[in-house]
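Next up, protein32.cif (mmCIF, C-alpha atoms and all ligand atoms):
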```cif
data_query
#
loop_
_atom_site.label_atom_id
_atom_site.label_comp_id
_atom_site.auth_asym_id
_atom_site.auth_seq_id
_atom_site.Cartn_x
_atom_site.Cartn_y
_atom_site.Cartn_z
CA MET A 251 7.25 -19.41 10.64
CA LYS A 252 9.01 -18.20 7.49
CA ILE A 253 8.25 -15.31 5.16
CA ASN A 254 9.15 -14.05 1.71
CA LEU A 255 9.70 -10.31 2.06
CA LEU A 256 9.30 -8.27 -1.13
CA GLY A 257 10.37 -4.64 -0.80
CA SER A 258 12.59 -5.40 2.19
CA GLY A 259 14.47 -2.08 2.05
CA GLY A 260 11.46 0.27 2.25
CA SER A 261 9.61 1.65 5.23
CA ILE A 262 7.24 -1.33 5.60
CA GLY A 263 10.01 -3.79 4.65
CA THR A 264 12.40 -2.65 7.37
CA GLN A 265 9.60 -2.53 9.95
CA THR A 266 8.63 -6.07 8.91
CA ALA A 267 12.25 -7.10 9.54
CA ASP A 268 11.97 -5.48 13.01
CA VAL A 269 8.87 -7.57 13.72
CA CYS A 270 10.67 -10.72 12.51
CA ARG A 271 13.59 -9.97 14.85
CA LEU A 272 11.23 -9.49 17.81
CA ARG A 273 9.08 -12.55 17.13
CA GLY A 274 11.81 -14.89 15.87
CA ILE A 275 10.19 -15.15 12.43
CA GLU A 276 12.52 -16.41 9.70
CA ILE A 277 12.99 -14.44 6.48
CA HIS A 278 13.34 -17.13 3.84
CA SER A 279 13.73 -14.73 0.92
CA ALA A 280 13.95 -10.98 0.43
CA ALA A 281 13.83 -8.60 -2.53
CA LEU A 282 14.43 -4.92 -3.01
CA LYS A 283 14.93 -2.47 -5.86
CA SER A 284 18.53 -1.25 -5.83
CA ASN A 285 20.02 -0.86 -2.32
CA TYR A 286 22.32 -3.91 -2.55
CA LYS A 287 24.23 -3.07 0.64
CA LYS A 288 21.00 -3.12 2.65
CA LEU A 289 19.96 -6.40 1.03
CA ALA A 290 23.35 -8.00 1.78
CA GLU A 291 23.17 -6.76 5.36
CA GLN A 292 19.67 -8.28 5.77
CA ALA A 293 20.79 -11.52 4.10
CA ARG A 294 23.65 -11.92 6.58
CA GLU A 295 21.65 -10.96 9.65
CA PHE A 296 18.63 -13.15 8.90
CA LYS A 297 20.55 -15.92 7.08
CA ILE A 298 18.29 -15.41 4.08
CA LYS A 299 18.42 -18.27 1.54
CA ARG A 300 17.32 -16.38 -1.59
CA VAL A 301 17.47 -12.69 -2.49
CA CYS A 302 16.36 -10.71 -5.54
CA ILE A 303 17.84 -7.38 -6.58
CA PHE A 304 15.28 -5.87 -8.95
CA ASP A 305 17.72 -3.63 -10.79
CA GLU A 306 20.09 -6.03 -12.56
CA LYS A 307 23.00 -3.58 -12.63
CA TYR A 308 23.53 -4.22 -8.91
CA TYR A 309 23.85 -8.00 -9.35
CA LYS A 310 27.67 -7.98 -9.39
CA PRO A 311 28.23 -5.70 -6.38
CA LEU A 312 25.60 -7.68 -4.45
CA LYS A 313 27.34 -10.95 -5.35
CA GLN A 314 30.57 -9.45 -4.06
CA GLU A 315 28.92 -8.34 -0.79
CA LEU A 316 27.54 -11.85 -0.32
CA SER A 317 30.74 -13.74 -1.12
CA GLY A 318 31.33 -16.53 1.35
CA THR A 319 27.59 -17.09 1.86
CA ASP A 320 25.40 -19.58 0.00
CA THR A 321 22.61 -17.06 -0.58
CA GLU A 322 21.12 -17.47 -4.05
CA ILE A 323 20.77 -14.21 -6.02
CA LEU A 324 17.98 -13.52 -8.51
CA THR A 325 17.18 -10.37 -10.49
CA GLY A 326 14.37 -8.46 -12.20
CA ILE A 327 10.63 -9.04 -12.31
CA ASP A 328 11.13 -12.77 -12.92
CA GLY A 329 13.18 -13.06 -9.75
CA LEU A 330 10.59 -11.06 -7.83
CA CYS A 331 7.80 -13.37 -9.03
CA GLU A 332 9.84 -16.49 -8.25
CA LEU A 333 10.42 -15.37 -4.67
CA ALA A 334 6.78 -14.33 -4.29
CA ALA A 335 5.70 -17.87 -5.21
CA ASP A 336 8.37 -19.70 -3.14
CA LYS A 337 6.46 -22.14 -0.95
CA GLU A 338 9.37 -22.79 1.39
CA ALA A 339 7.89 -19.80 3.24
CA ASP A 340 4.46 -19.71 4.91
CA ILE A 341 3.47 -16.28 3.65
CA THR A 342 4.63 -13.65 1.15
CA VAL A 343 4.71 -10.06 2.38
CA ASN A 344 4.38 -7.73 -0.61
CA SER A 345 5.57 -4.26 0.36
CA VAL A 346 6.88 -3.29 -3.07
CA VAL A 347 5.94 0.29 -4.05
CA GLY A 348 3.77 0.77 -7.15
CA MET A 349 2.29 -1.24 -10.01
CA VAL A 350 5.41 -3.38 -10.21
CA GLY A 351 3.93 -5.24 -7.21
CA LEU A 352 1.01 -6.64 -9.22
CA LYS A 353 2.74 -9.53 -11.03
CA PRO A 354 4.41 -10.88 -7.86
CA THR A 355 1.02 -10.82 -6.04
CA LEU A 356 -0.51 -12.83 -8.88
CA ALA A 357 2.47 -15.24 -8.95
CA ALA A 358 2.12 -15.86 -5.21
CA LEU A 359 -1.64 -16.47 -5.37
CA GLU A 360 -1.29 -18.62 -8.48
CA ASN A 361 1.01 -20.92 -6.52
CA GLY A 362 -1.35 -21.02 -3.53
CA MET A 363 0.81 -18.81 -1.31
CA ASN A 364 -0.70 -16.82 1.53
CA VAL A 365 -0.26 -13.10 0.92
CA ALA A 366 0.09 -10.14 3.29
CA LEU A 367 -0.39 -7.03 1.20
CA ALA A 368 1.10 -3.59 1.77
CA ASN A 369 1.19 -2.86 -1.96
CA LYS A 370 -2.09 -1.02 -2.48
CA GLU A 371 -1.55 -0.46 -6.21
CA THR A 372 -1.97 -4.23 -6.67
CA LEU A 373 -5.63 -3.97 -5.67
CA VAL A 374 -6.35 -0.53 -7.10
CA ALA A 375 -5.29 -1.56 -10.59
CA GLY A 376 -5.59 -5.34 -10.52
CA GLY A 377 -8.28 -5.84 -7.85
CA ASP A 378 -10.73 -7.61 -10.15
CA ILE A 379 -8.23 -10.31 -11.17
CA VAL A 380 -6.42 -10.50 -7.82
CA MET A 381 -9.58 -11.01 -5.73
CA LYS A 382 -10.97 -13.54 -8.21
CA LEU A 383 -7.75 -15.55 -8.13
CA ALA A 384 -7.56 -15.38 -4.31
CA ALA A 385 -11.14 -16.68 -4.08
CA GLN A 386 -10.38 -19.50 -6.53
CA LYS A 387 -7.38 -20.54 -4.44
CA GLY A 388 -9.25 -20.12 -1.14
CA ILE A 389 -6.77 -17.53 0.13
CA THR A 390 -7.64 -14.62 2.42
CA ILE A 391 -5.39 -11.66 1.60
CA LEU A 392 -4.18 -10.15 4.87
CA PRO A 393 -4.00 -6.34 4.59
CA ILE A 394 -1.03 -4.45 6.03
CA ASP A 395 -2.23 -0.94 5.18
CA SER A 396 -3.21 0.50 8.60
CA GLU A 397 -6.79 1.39 7.59
CA HIS A 398 -7.49 -1.96 5.96
CA SER A 399 -5.90 -3.85 8.81
CA ALA A 400 -8.16 -1.84 11.13
CA ILE A 401 -11.27 -2.79 9.10
CA PHE A 402 -10.07 -6.39 9.01
CA GLN A 403 -9.55 -6.34 12.80
CA CYS A 404 -13.04 -4.89 13.36
CA LEU A 405 -14.50 -7.67 11.21
CA MET A 406 -12.58 -10.29 13.21
CA GLY A 407 -15.18 -9.60 15.90
CA VAL A 408 -18.16 -10.28 13.61
CA ARG A 409 -19.53 -13.84 13.74
CA GLY A 410 -21.40 -15.40 10.84
CA ASP A 411 -21.86 -13.92 7.36
CA CYS A 412 -19.77 -10.75 7.23
CA ASP A 413 -21.13 -9.67 3.84
CA LYS A 414 -24.67 -9.54 5.24
CA GLN A 415 -23.76 -7.72 8.44
CA LEU A 416 -21.31 -5.17 7.04
CA LYS A 417 -23.32 -2.06 6.13
CA GLY A 418 -20.48 0.38 5.59
CA ILE A 419 -16.93 1.44 6.29
CA ILE A 420 -15.61 4.62 7.87
CA LEU A 421 -12.22 5.15 6.26
CA THR A 422 -10.19 7.65 8.26
CA ALA A 423 -7.65 10.04 6.74
CA SER A 424 -5.09 12.19 8.54
CA GLY A 425 -5.70 14.98 6.01
CA GLY A 426 -1.97 15.25 5.36
CA PRO A 427 0.26 18.32 5.72
CA PHE A 428 -2.05 20.61 3.71
CA PHE A 429 -5.30 20.19 5.64
CA GLY A 430 -7.27 23.47 5.61
CA LYS A 431 -5.46 24.92 2.59
CA SER A 432 -7.25 26.04 -0.58
CA TYR A 433 -6.52 24.83 -4.11
CA SER A 434 -4.80 28.09 -5.06
CA GLU A 435 -2.66 28.00 -1.91
CA LEU A 436 -1.32 24.63 -3.02
CA GLU A 437 -0.03 25.87 -6.42
CA ASP A 438 3.40 26.74 -5.07
CA VAL A 439 3.87 24.02 -2.49
CA THR A 440 7.44 22.69 -2.41
CA LEU A 441 8.61 19.10 -2.37
CA GLU A 442 9.95 19.54 1.18
CA GLN A 443 6.54 20.73 2.41
CA ALA A 444 4.79 17.81 0.69
CA LEU A 445 7.19 15.33 2.28
CA CYS A 446 6.49 16.57 5.80
CA HIS A 447 3.68 14.34 7.09
CA PRO A 448 2.19 15.23 10.50
CA ASN A 449 1.68 11.70 11.91
CA TRP A 450 3.24 8.94 9.83
CA SER A 451 6.81 8.32 8.74
CA MET A 452 6.66 6.60 5.33
CA GLY A 453 8.36 6.31 1.94
CA LYS A 454 8.38 9.29 -0.46
CA LYS A 455 5.74 8.08 -2.92
CA ILE A 456 3.10 7.39 -0.28
CA THR A 457 3.97 10.61 1.60
CA VAL A 458 3.23 12.67 -1.52
CA ASP A 459 0.06 10.58 -2.03
CA SER A 460 -0.95 11.51 1.52
CA ALA A 461 -0.38 15.20 0.80
CA THR A 462 -2.60 15.12 -2.32
CA LEU A 463 -5.09 12.75 -0.54
CA MET A 464 -4.62 10.40 -3.52
CA ASN A 465 -3.59 7.87 -0.90
CA LYS A 466 -7.10 7.93 0.53
CA GLY A 467 -8.58 7.53 -2.93
CA LEU A 468 -6.35 4.51 -3.57
CA GLU A 469 -7.37 3.14 -0.17
CA LEU A 470 -11.05 3.57 -1.03
CA MET A 471 -10.58 1.34 -4.08
CA GLU A 472 -8.46 -1.08 -2.04
CA ALA A 473 -11.24 -1.31 0.59
CA CYS A 474 -13.95 -1.94 -2.02
CA HIS A 475 -11.99 -4.90 -3.40
CA LEU A 476 -10.86 -6.36 -0.06
CA PHE A 477 -14.19 -6.12 1.73
CA ASN A 478 -16.59 -6.46 -1.19
CA VAL A 479 -18.35 -3.11 -0.68
CA LYS A 480 -19.43 -0.36 -3.10
CA PRO A 481 -17.76 3.08 -2.99
CA SER A 482 -21.10 4.51 -1.77
CA GLN A 483 -20.78 2.34 1.36
CA VAL A 484 -17.46 3.94 2.30
CA GLU A 485 -17.38 7.26 4.12
CA ILE A 486 -14.03 9.06 4.12
CA VAL A 487 -13.54 11.06 7.32
CA VAL A 488 -10.61 13.36 8.06
CA HIS A 489 -9.37 12.52 11.54
CA ARG A 490 -6.25 14.58 12.23
CA GLN A 491 -4.87 12.55 15.14
CA SER A 492 -4.66 9.18 13.28
CA VAL A 493 -5.75 7.34 16.44
CA ILE A 494 -8.87 5.71 14.97
CA HIS A 495 -7.38 3.72 12.11
CA SER A 496 -10.83 3.07 10.56
CA ALA A 497 -14.19 1.63 11.56
CA VAL A 498 -17.01 -0.57 10.32
CA VAL A 499 -20.74 0.13 10.44
CA LEU A 500 -22.77 -3.03 10.99
CA SER A 501 -26.35 -3.77 9.93
CA ASP A 502 -27.77 -2.68 13.30
CA ASN A 503 -25.86 0.65 13.01
CA ALA A 504 -23.34 -0.38 15.66
CA VAL A 505 -19.94 1.10 14.80
CA ILE A 506 -16.78 -0.79 15.70
CA ALA A 507 -13.45 0.99 15.38
CA GLN A 508 -9.81 0.00 15.88
CA LEU A 509 -7.61 2.46 17.75
CA GLY A 510 -3.92 2.71 18.52
CA VAL A 511 -0.96 5.06 18.29
CA PRO A 512 0.10 5.64 14.64
CA ASP A 513 2.53 2.73 14.28
CA MET A 514 2.64 0.20 11.44
CA THR A 515 4.07 -2.60 13.54
CA ILE A 516 0.62 -3.71 14.76
CA PRO A 517 -0.80 -4.29 11.24
CA ILE A 518 2.47 -5.90 10.12
CA GLN A 519 2.71 -8.23 13.09
CA LEU A 520 -0.96 -9.22 13.01
CA ALA A 521 -0.62 -10.19 9.33
CA LEU A 522 2.25 -12.50 10.31
CA THR A 523 0.78 -13.97 13.52
CA TYR A 524 -2.92 -13.95 12.48
CA PRO A 525 -5.21 -14.80 14.20
CA GLN A 526 -3.01 -14.60 17.30
CA ARG A 527 -2.27 -11.33 19.15
CA MET A 528 1.15 -11.05 20.76
CA PRO A 529 3.24 -8.37 22.49
CA SER A 530 4.43 -5.92 19.83
CA LEU A 531 6.80 -3.02 19.23
CA SER A 532 3.92 -0.53 19.27
CA GLY A 533 3.58 1.93 22.15
CA GLU A 534 0.45 2.02 24.32
CA LEU A 535 -2.37 4.40 23.45
CA SER A 536 -3.32 6.98 26.07
CA LEU A 537 -6.64 8.57 25.13
CA THR A 538 -6.35 11.13 27.93
CA ASP A 539 -3.00 12.31 26.50
CA TYR A 540 -4.87 13.09 23.27
CA GLY A 541 -7.86 14.57 25.11
CA THR A 542 -9.75 15.39 21.91
CA LEU A 543 -10.29 13.49 18.69
CA THR A 544 -11.59 15.52 15.74
CA PHE A 545 -13.52 14.59 12.58
CA ALA A 546 -14.19 16.51 9.37
CA LYS A 547 -15.38 16.01 5.80
CA PRO A 548 -12.62 15.95 3.16
CA ASP A 549 -12.28 19.00 0.90
CA TYR A 550 -12.90 17.49 -2.55
CA GLU A 551 -12.53 20.87 -4.33
CA THR A 552 -8.97 21.33 -3.12
CA PHE A 553 -7.84 17.73 -3.23
CA ILE A 554 -8.82 16.90 -6.79
CA CYS A 555 -6.82 13.66 -6.77
CA LEU A 556 -9.29 12.36 -4.22
CA SER A 557 -12.27 13.41 -6.38
CA ALA A 558 -10.75 11.65 -9.39
CA ALA A 559 -10.11 8.50 -7.35
CA VAL A 560 -13.69 8.44 -6.03
CA LYS A 561 -14.95 8.80 -9.61
CA ALA A 562 -12.64 5.97 -10.70
CA ALA A 563 -13.91 3.77 -7.86
CA GLU A 564 -17.51 4.38 -8.97
CA THR A 565 -16.63 3.74 -12.63
CA GLY A 566 -14.78 0.47 -11.98
CA GLY A 567 -13.03 -1.52 -14.74
CA THR A 568 -9.65 -0.11 -15.76
CA ALA A 569 -10.43 3.31 -14.22
CA GLY A 570 -8.43 2.32 -11.13
CA SER A 571 -5.48 1.36 -13.28
CA ILE A 572 -5.74 4.68 -15.17
CA VAL A 573 -5.75 6.95 -12.11
CA ASN A 574 -3.08 4.86 -10.41
CA GLY A 575 -0.76 4.82 -13.44
CA ALA A 576 -1.24 8.55 -14.04
CA ASN A 577 -0.60 9.27 -10.37
CA GLU A 578 2.55 7.12 -10.19
CA ARG A 579 4.06 8.87 -13.20
CA ALA A 580 2.98 12.35 -12.05
CA VAL A 581 4.41 11.79 -8.56
CA GLU A 582 7.71 10.67 -10.12
CA LEU A 583 7.82 13.94 -12.07
CA PHE A 584 6.93 15.95 -8.96
CA LEU A 585 9.68 14.20 -6.95
CA ASP A 586 12.10 15.07 -9.78
CA GLY A 587 11.06 18.72 -9.57
CA LYS A 588 9.60 18.71 -13.10
CA ILE A 589 5.97 19.54 -12.29
CA GLY A 590 4.11 21.42 -9.57
CA PHE A 591 2.04 19.95 -6.75
CA ASN A 592 -1.38 20.70 -8.32
CA ASP A 593 -0.18 19.28 -11.65
CA ILE A 594 -0.43 15.83 -10.06
CA GLY A 595 -4.20 16.24 -9.62
CA ARG A 596 -4.66 17.92 -12.99
CA GLY A 597 -2.80 15.01 -14.62
CA VAL A 598 -4.76 12.33 -12.80
CA SER A 599 -8.15 13.95 -13.57
CA GLY A 600 -7.11 14.53 -17.19
CA ALA A 601 -6.10 10.90 -17.63
CA LEU A 602 -9.45 9.69 -16.32
CA GLU A 603 -11.34 12.07 -18.63
CA ASN A 604 -9.32 11.27 -21.73
CA ILE A 605 -8.66 7.53 -21.61
CA THR A 606 -11.37 5.01 -22.43
CA VAL A 607 -12.25 2.75 -19.50
CA LYS A 608 -12.47 -0.96 -20.31
CA LYS A 609 -13.09 -4.17 -18.39
CA ALA A 610 -10.22 -4.99 -16.02
CA ASP A 611 -10.59 -8.74 -16.46
CA SER A 612 -7.08 -9.58 -17.66
CA LEU A 613 -3.54 -8.63 -16.74
CA GLU A 614 -3.09 -7.30 -20.29
CA ALA A 615 -6.08 -4.94 -19.96
CA VAL A 616 -4.80 -3.64 -16.61
CA LEU A 617 -1.23 -3.14 -17.83
CA SER A 618 -2.29 -1.47 -21.07
CA ALA A 619 -4.52 1.02 -19.20
CA ASP A 620 -1.58 1.71 -16.88
CA ALA A 621 0.76 2.31 -19.84
CA GLU A 622 -1.77 4.57 -21.54
CA ALA A 623 -2.14 6.66 -18.40
CA ARG A 624 1.62 7.07 -18.00
CA ALA A 625 1.94 8.06 -21.67
CA TYR A 626 -0.84 10.64 -21.16
CA ILE A 627 1.10 12.24 -18.28
CA ASP A 628 4.32 12.30 -20.33
CA SER A 629 2.61 13.84 -23.35
CA ARG A 630 0.98 16.47 -21.14
CA PHE A 631 3.99 17.51 -19.06
CA CYS A 632 7.23 16.30 -20.69
MG MG B 1 -2.95 3.72 4.93
#
```
How does this structure look as structure tokens?
Amino acid sequence: MKINLLGSGGSIGTQTADVCRLRGIEIHSAALKSNYKKLAEQAREFKIKRVCIFDEKYYKPLKQELSGTDTEILTGIDGLCELAADKEADITVNSVVGMVGLKPTLAALENGMNVALANKETLVAGGDIVMKLAAQKGITILPIDSEHSAIFQCLMGVRGDCDKQLKGIILTASGGPFFGKSYSELEDVTLEQALCHPNWSMGKKITVDSATLMNKGLELMEACHLFNVKPSQVEIVVHRQSVIHSAVVLSDNAVIAQLGVPDMTIPIQLALTYPQRMPSLSGELSLTDYGTLTFAKPDYETFICLSAAVKAAETGGTAGSIVNGANERAVELFLDGKIGFNDIGRGVSGALENITVKKADSLEAVLSADAEARAYIDSRFC
């Protein structure tokens, strides 16, 4: 078993490397943005044949770090796409953060590669073209996001026509660090507070998305594409303990859920060993240690990013690309200390109100909506 690992230096990337170490899975190629020392370290440890450093200015120092090895070095988006499509591996794991992950996903599918997807923006913005291409090539995209892996795992137990038997999805949300707060209380939230997630340890972008609940909105759109359901079939439920990772409602109203301690190594490993289950790095779940599991409706008035994302999911077309692009740019500005926490939601809602939604049937349409949304955020805040 060999994998291409895109985004090997991030939270999912390093946990994927942990799973590879445990299960003796080979990393054929790896790519990351700029941390060339990490990439060189991974290349030596896993004897990786091909690496891609996205930011070309680190090509020379990376080459120096890898002197004496025969690891091939590529750069930029072209390198990322080449590795994504490299059929020496059995599957491409895409754990790149943001819209930049879309082209590599398409390159992999185009070449008939199996894909394990942790890059949710790929589906939020490019879902229409990605799912169509996957169907044409007969490829099942294996989700790594914990909620979508949970839904996928629940559906593994359904025999026969899934589309007919799947009535709805219960998408669980931790509620993030600001659960119970009001909109006005969130005006002065600091970056440090936003980066302090109660249950999950993740990268910065997704941690901020979890604080605004944008993450759940992106996951709603992701779920609609992956499991061929309408937004109205998905119920978002705040479940503070993150033990139930999501559930499916079947046509007879039976509900099947997947539970476990909050740990990404189960979804990652299952995507690599599917359909086999094997011993993993995850701890055991003790329900009696938790004692109580709680459930609540999300507060759409406070978490306006979530409202905008639900609206975008219902609208379809390039609306996903618009809210995603606006959110990516606004989160960048928030991480740089240039805008406030609630500005993220104001920016995302404003972008959706002001930019014309079109059909998302080509890469050009998706990318131009994304660019328009980013430009809207810059014109509003910069
Ligand atoms: Mg998730």
Exercise. Could you report the residues within 10 Å of ligand MG 1 (chain B), using all atoms listed in the file, as a list in words?
Key: Ala368, Lys370, Ile394, Asp395, Ser396, Glu397, His398, Ser399, Ala400, Leu421, Thr422, Ala423, Ser424, Trp450, Ile456, Ser460, Asn465, Lys466, Leu468, Glu469, His495, Ser496 and Met514 of chain A
Quiz prompt | Point-to-point distance from CA of Lys561 in chain A to CA of Val616 in chain A, Å rounded to tenths | solution =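 Interatomic distance, CA of Lys561 in chain A to CA of Val616 in chain A: 17.5 Å.
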Quiz prompt | Close residues, Lys310 in chain A itself excluded, 12 Å, all atoms listed in the file, min 3 positions apart in chain, as a list in words | solution =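 Within the cut-off, the hits are Ser284, Tyr286, Lys287, Ala290, Ile303, Asp305, Glu306, Lys307, Lys313, Gln314, Glu315, Leu316, Ser317, Ile323, Leu324 and Thr325 of chain A.
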Exercise. Calculate how many Å separate CA of Lys353 in chain A from CA of Cys632 in chain A, rounding to one decimal.
Key: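 Taking CA of Lys353 in chain A and CA of Cys632 in chain A, their separation equals 27.9 Å.
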Quiz item: Smallest atom-to-atom distance to Asp549 in chain A: which of A:Thr372, A:Asn503, A:Thr457, A:Thr462, using all atoms listed in the file?
Solution: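 Result for the nearest residue to Asp549 in chain A: A:Thr462.
Rounded to one decimal, CA of Glu435 in chain A and CA of Phe553 in chain A lie 11.6 Å from each other.
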Quiz prompt | Residue nearest Ser258 in chain A - candidates A:Val505, A:Val346, A:Ala335, A:Ile494, atoms counted: all atoms listed in the file | solution = A:Val346
Quiz item: Of the residues A:Asp628, A:Glu437, A:Glu472, A:Asp620, which is the one nearest to Asn592 in chain A, using all atoms listed in the file?
Solution: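 Answer, going by the shortest atom-to-atom distance: A:Glu437.
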Kindly provide the residues of range 542-575 of chain A that approach range 475-481 of chain A to within 9 Å, each paired with its closest atom pair and their distance in Å to one decimal, based on all atoms listed in the file, listed by chain and increasing number, as a tab-separated table.
```
residue	atom	partner	partner_atom	distance
A:Val560	CA	A:Pro481	CA	7.4
A:Ala563	CA	A:Pro481	CA	6.2
A:Glu564	CA	A:Pro481	CA	6.1
```
Selection file, C-alpha atoms, as a compact mmCIF listing (two decimals), in the frame of the given file:
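Okay, selection-v1.txt is ready:
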```txt
# COMPACT_ATOMS: atom_id res chain seq x y z
CA VAL A 560 -13.69 8.44 -6.03
CA ALA A 563 -13.91 3.77 -7.86
CA GLU A 564 -17.51 4.38 -8.97
```
Quiz item: Could you pull the residues within 12 Å of Thr321 in chain A, counting only C-alpha atoms, minus those fewer than 3 positions along the same chain, as a VMD selection string?
Solution: chain A and resid 278 to 280 289 to 302 312 to 318 324
Quiz item: So, counting only C-alpha atoms, which residue among A:Thr390, A:Cys270, A:Lys288, A:Leu256 is closest to Ile327 in chain A?
Solution: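 Among A:Thr390, A:Cys270, A:Lys288, A:Leu256, it is A:Leu256 that comes nearest to Ile327 in chain A.
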